[in-house]
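Colleague: Here's a structure for you.
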Amino acid sequence: MAKALDKATADGHNVDTGLKAIGLTNQRETTVLWSKSTGCPLYNAIVWMDARNSSEIGEGIIWGKTHFLEAVGLPIRTCFTAVKLLWMMENVDVVKEAIKKGDALFGTIDTWLIWNLTGGVNGGLHVTDVSNASRTMLMNLKTLDWDKPTLETLGIPAEILPKTFSNSEIIGKLGKGWPITGIPISGCLGDHHAAMLGQTCKKGEAKSTYGTGAFILLNTGEEVVKSKHELLSTLAFKLGPKAPTNYALEGSVAIAGAAVQWLRDSLGVISSASEIEELALQVNSTGGVCIGITRFTSKVHIARAVLESMCFQVKDVLDSLQKDAVEKGVIKDAKFLLRVDGGATVNNLLMQIQADLLGSPVIRPADIETTALGAAFAAGLAIGVFKEEEIFASGERTKTSTTFKPVLNEEFRKKKAESWCRAVERIFNLADLSL
């Protein structure tokens, strides 16, 4: 916060009179439990990727993985908050004791931040927004409140849960002890929901964020669309207490930018992430790395294969999104523009490969930090700095965007995609052979 204020001041802004509100955005699903009386965490936060509860899910879930799907839109998986909360409740003694005494508070990272920013043990607000709540596996997608039957089935006490609110409304004000005080917090969204808003995705429009993983969301409008391809039904955003709720279909790729980190940190093929583009540009194919390494294989082929693997997986998710959306009438045509953001999108080759494999344009905004922009939009909208029609009139921003158009001919594109699918099918169950 201090650095942001210093930077704004250095850029010529009068922070004292110009700062009107604050918006938050955060990593979703990561789980925190802390003491209401001391403000101290009761256990380390468990990050969304943590799979320590996989054995419990495989062996102990007696209801079936889709038991709560109708109400909360999510299957039972290790990444969702409720399963991590259950693990803490079952395995951490101090958590059990705090819940029994009525001293435990639960939340995702947004909840933890807002509670501390608004006073902490001195009256801090215990709240969350509907986008973060939608990823806990505990919120009813239609009522936008905690689903009582789900809580009862899982044995999670409602009193430890935060109050839910929309993505754009005044939640509270910054308390004492921070670089600034008294400023309203008026926007809050989970990171990929914020990116959707920052990319101004209306009904039928999709975005893909390329970070550690890749997360692809399609705005389905005011209807909860159930997928036939194991995609997630989730909330997109709700821009005010009385505003309509926009929903989304979501698919994800677990490893995207993390594969570049693997090249750098584990294999030593590159010394910085930016080097992968230069390496991959030295060849126009992977040399068959996806089906095996040969004497011909070099680090340039591996570098290109890492980039192509991201794009193939994003294409797989988008194909499923499009099938569901066309079938439900959300979109009419299976071809549409894909908006992209996230750190990896600075790689021009990655974006061109993505456009080539999709056979449709990919649009990268001039400012790829659309997650932060979405949080700012939500905060500004709540206090009247922005109007919704201004936010979604994105024509001006499109003028400064970069569009990557496909250059592969259709026949070669289809052949390339078919080869990828066949290669993936041939590795099924190979993990069983590892010793």
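By convention in this document, the chains of the structure tokens carry letters A, B, ... by their order, each chain's residues are numbered from 1, and ligands are numbered from 1 in the order they are shown.
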Within 10 Å of Met310 of chain A, counting only C-alpha atoms, which residues show up once you throw out same-chain ones fewer than 2 positions away? Write them as a ChimeraX atom specification, please.

Modeller: /A:210,213-214,253-257,259,305-308,312-315,350,353-354

Colleague: For the selection just defined, write its residues with all heavy atoms to a file, as a short mmCIF file (atom, residue, chain, number, x, y, z; two decimals), in the first residue's frame.

Modeller:
data_model
loop_
_atom_site.label_atom_id
_atom_site.label_comp_id
_atom_site.auth_asym_id
_atom_site.auth_seq_id
_atom_site.Cartn_x
_atom_site.Cartn_y
_atom_site.Cartn_z
N TYR A 210 -3.27 -16.35 -18.19
CA TYR A 210 -2.11 -17.24 -18.22
C TYR A 210 -1.18 -16.86 -17.07
O TYR A 210 -0.42 -15.89 -17.16
CB TYR A 210 -1.36 -17.11 -19.54
CG TYR A 210 -2.16 -17.47 -20.77
CD1 TYR A 210 -3.15 -16.62 -21.26
CD2 TYR A 210 -1.93 -18.66 -21.45
CE1 TYR A 210 -3.89 -16.94 -22.38
CE2 TYR A 210 -2.66 -19.00 -22.57
CZ TYR A 210 -3.65 -18.14 -23.04
OH TYR A 210 -4.38 -18.46 -24.15
N GLY A 213 -1.12 -21.38 -13.61
CA GLY A 213 -2.01 -22.20 -14.42
C GLY A 213 -2.69 -21.29 -15.43
O GLY A 213 -2.36 -20.11 -15.53
N ALA A 214 -3.63 -21.83 -16.17
CA ALA A 214 -4.43 -21.01 -17.09
C ALA A 214 -5.89 -21.20 -16.74
O ALA A 214 -6.35 -22.34 -16.56
CB ALA A 214 -4.17 -21.39 -18.55
N VAL A 253 -6.38 -25.03 -16.66
CA VAL A 253 -5.20 -25.82 -16.97
C VAL A 253 -4.27 -25.68 -15.78
O VAL A 253 -3.85 -24.57 -15.43
CB VAL A 253 -4.50 -25.29 -18.25
CG1 VAL A 253 -3.22 -26.04 -18.52
CG2 VAL A 253 -5.45 -25.37 -19.45
N ALA A 254 -3.98 -26.79 -15.11
CA ALA A 254 -3.22 -26.73 -13.85
C ALA A 254 -1.81 -26.18 -14.04
O ALA A 254 -1.31 -25.42 -13.21
CB ALA A 254 -3.17 -28.11 -13.21
N ILE A 255 -1.16 -26.56 -15.13
CA ILE A 255 0.22 -26.15 -15.35
C ILE A 255 0.33 -25.34 -16.64
O ILE A 255 0.11 -25.86 -17.74
CB ILE A 255 1.16 -27.37 -15.46
CG1 ILE A 255 1.08 -28.22 -14.18
CG2 ILE A 255 2.60 -26.94 -15.72
CD1 ILE A 255 1.57 -27.52 -12.93
N ALA A 256 0.62 -24.06 -16.51
CA ALA A 256 0.86 -23.19 -17.67
C ALA A 256 2.22 -22.51 -17.46
O ALA A 256 3.26 -23.06 -17.79
CB ALA A 256 -0.28 -22.17 -17.81
N GLY A 257 2.22 -21.33 -16.85
CA GLY A 257 3.48 -20.66 -16.57
C GLY A 257 4.40 -21.49 -15.67
O GLY A 257 5.63 -21.34 -15.71
N ALA A 259 5.16 -24.45 -16.08
CA ALA A 259 6.04 -25.26 -16.94
C ALA A 259 7.28 -24.47 -17.35
O ALA A 259 8.37 -25.05 -17.51
CB ALA A 259 5.27 -25.72 -18.18
N ALA A 305 7.81 -26.89 -27.23
CA ALA A 305 6.79 -27.84 -26.77
C ALA A 305 6.09 -27.34 -25.52
O ALA A 305 4.87 -27.54 -25.34
CB ALA A 305 7.43 -29.20 -26.50
N VAL A 306 6.82 -26.68 -24.63
CA VAL A 306 6.21 -26.11 -23.42
C VAL A 306 5.16 -25.07 -23.80
O VAL A 306 4.04 -25.06 -23.28
CB VAL A 306 7.29 -25.49 -22.50
CG1 VAL A 306 6.66 -24.56 -21.47
CG2 VAL A 306 8.09 -26.58 -21.82
N LEU A 307 5.50 -24.19 -24.75
CA LEU A 307 4.54 -23.17 -25.18
C LEU A 307 3.33 -23.79 -25.86
O LEU A 307 2.17 -23.43 -25.59
CB LEU A 307 5.21 -22.15 -26.11
CG LEU A 307 6.37 -21.33 -25.53
CD1 LEU A 307 6.86 -20.31 -26.55
CD2 LEU A 307 5.96 -20.64 -24.23
N GLU A 308 3.59 -24.75 -26.75
CA GLU A 308 2.48 -25.38 -27.47
C GLU A 308 1.57 -26.15 -26.52
O GLU A 308 0.35 -26.18 -26.71
CB GLU A 308 3.01 -26.31 -28.57
CG GLU A 308 3.59 -25.56 -29.76
CD GLU A 308 3.72 -26.44 -31.00
OE1 GLU A 308 3.32 -27.63 -30.96
OE2 GLU A 308 4.23 -25.93 -32.02
N PHE A 312 -2.46 -25.87 -26.49
CA PHE A 312 -3.31 -27.03 -26.78
C PHE A 312 -4.33 -27.24 -25.65
O PHE A 312 -5.50 -27.52 -25.89
CB PHE A 312 -2.47 -28.29 -26.95
CG PHE A 312 -1.93 -28.49 -28.35
CD1 PHE A 312 -0.57 -28.58 -28.57
CD2 PHE A 312 -2.80 -28.61 -29.43
CE1 PHE A 312 -0.07 -28.79 -29.85
CE2 PHE A 312 -2.31 -28.82 -30.71
CZ PHE A 312 -0.94 -28.91 -30.92
N GLN A 313 -3.86 -27.12 -24.42
CA GLN A 313 -4.75 -27.35 -23.28
C GLN A 313 -5.82 -26.27 -23.17
O GLN A 313 -6.98 -26.55 -22.88
CB GLN A 313 -3.94 -27.43 -21.99
CG GLN A 313 -3.07 -28.67 -21.91
CD GLN A 313 -2.21 -28.69 -20.66
OE1 GLN A 313 -2.62 -29.16 -19.62
NE2 GLN A 313 -1.00 -28.14 -20.77
N VAL A 314 -5.44 -25.01 -23.42
CA VAL A 314 -6.42 -23.93 -23.43
C VAL A 314 -7.44 -24.17 -24.54
O VAL A 314 -8.64 -23.96 -24.35
CB VAL A 314 -5.73 -22.56 -23.60
CG1 VAL A 314 -6.75 -21.45 -23.89
CG2 VAL A 314 -4.92 -22.22 -22.35
N LYS A 315 -6.97 -24.64 -25.70
CA LYS A 315 -7.89 -24.95 -26.79
C LYS A 315 -8.87 -26.04 -26.39
O LYS A 315 -10.07 -25.95 -26.68
CB LYS A 315 -7.11 -25.40 -28.03
CG LYS A 315 -8.00 -25.76 -29.22
CD LYS A 315 -7.24 -26.41 -30.33
CE LYS A 315 -8.12 -26.73 -31.54
NZ LYS A 315 -9.35 -27.45 -31.22
N LEU A 350 3.80 -17.24 -27.90
CA LEU A 350 2.74 -17.97 -27.20
C LEU A 350 1.37 -17.53 -27.69
O LEU A 350 0.49 -18.36 -27.97
CB LEU A 350 2.85 -17.75 -25.69
CG LEU A 350 1.79 -18.41 -24.82
CD1 LEU A 350 1.95 -19.93 -24.82
CD2 LEU A 350 1.82 -17.87 -23.39
N ILE A 353 0.79 -18.77 -31.34
CA ILE A 353 0.48 -20.20 -31.34
C ILE A 353 -0.96 -20.42 -30.90
O ILE A 353 -1.69 -21.24 -31.48
CB ILE A 353 1.45 -20.97 -30.42
CG1 ILE A 353 2.87 -20.96 -31.00
CG2 ILE A 353 0.98 -22.42 -30.23
CD1 ILE A 353 3.93 -21.51 -30.04
N GLN A 354 -1.38 -19.66 -29.88
CA GLN A 354 -2.77 -19.81 -29.40
C GLN A 354 -3.77 -19.46 -30.48
O GLN A 354 -4.75 -20.18 -30.70
CB GLN A 354 -2.99 -18.94 -28.16
CG GLN A 354 -4.31 -19.20 -27.45
CD GLN A 354 -4.33 -20.55 -26.77
OE1 GLN A 354 -3.82 -20.71 -25.67
NE2 GLN A 354 -4.93 -21.55 -27.42
#

Colleague: Using only C-alpha atoms, determine which residues lie at most 12 Å from segment 283-286 of chain A, disregarding the query and same-chain residues fewer than 4 positions distant; provide the list as a PyMOL selection string.

Modeller: chain A and resi 277-279+290-294+296-309+349+353+408+416+420

Colleague: Taking only C-alpha atoms into account, which of A:Gly374, A:Gln322, A:Asp367, A:Asn347 comes nearest Ser274 of chain A?

Modeller: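 The closest residue to Ser274 of chain A is A:Asn347.
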
Colleague: Within 10 Å of segment 180-199 of chain A, which residues of segment 255-362 of chain A show up? Give each one with its shortest atom-to-atom distance in Å (one decimal) and the two atoms involved, counting only C-alpha atoms, rows by chain then rising residue number, as a tab-separated table.

Modeller:
residue	atom	partner	partner_atom	distance
A:Arg339	CA	A:Gln199	CA	6.9
A:Val340	CA	A:Gln199	CA	8.2
A:Asp341	CA	A:Ala195	CA	7.7
A:Gly342	CA	A:Ala195	CA	9.0

Colleague: Measuring between only C-alpha atoms, which one of A:Leu86, A:Ala158, A:Ala376, A:Pro179 shows the shortest distance to Thr25 of chain A?

Modeller: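 For Thr25 of chain A, the nearest of the candidates is A:Ala376.
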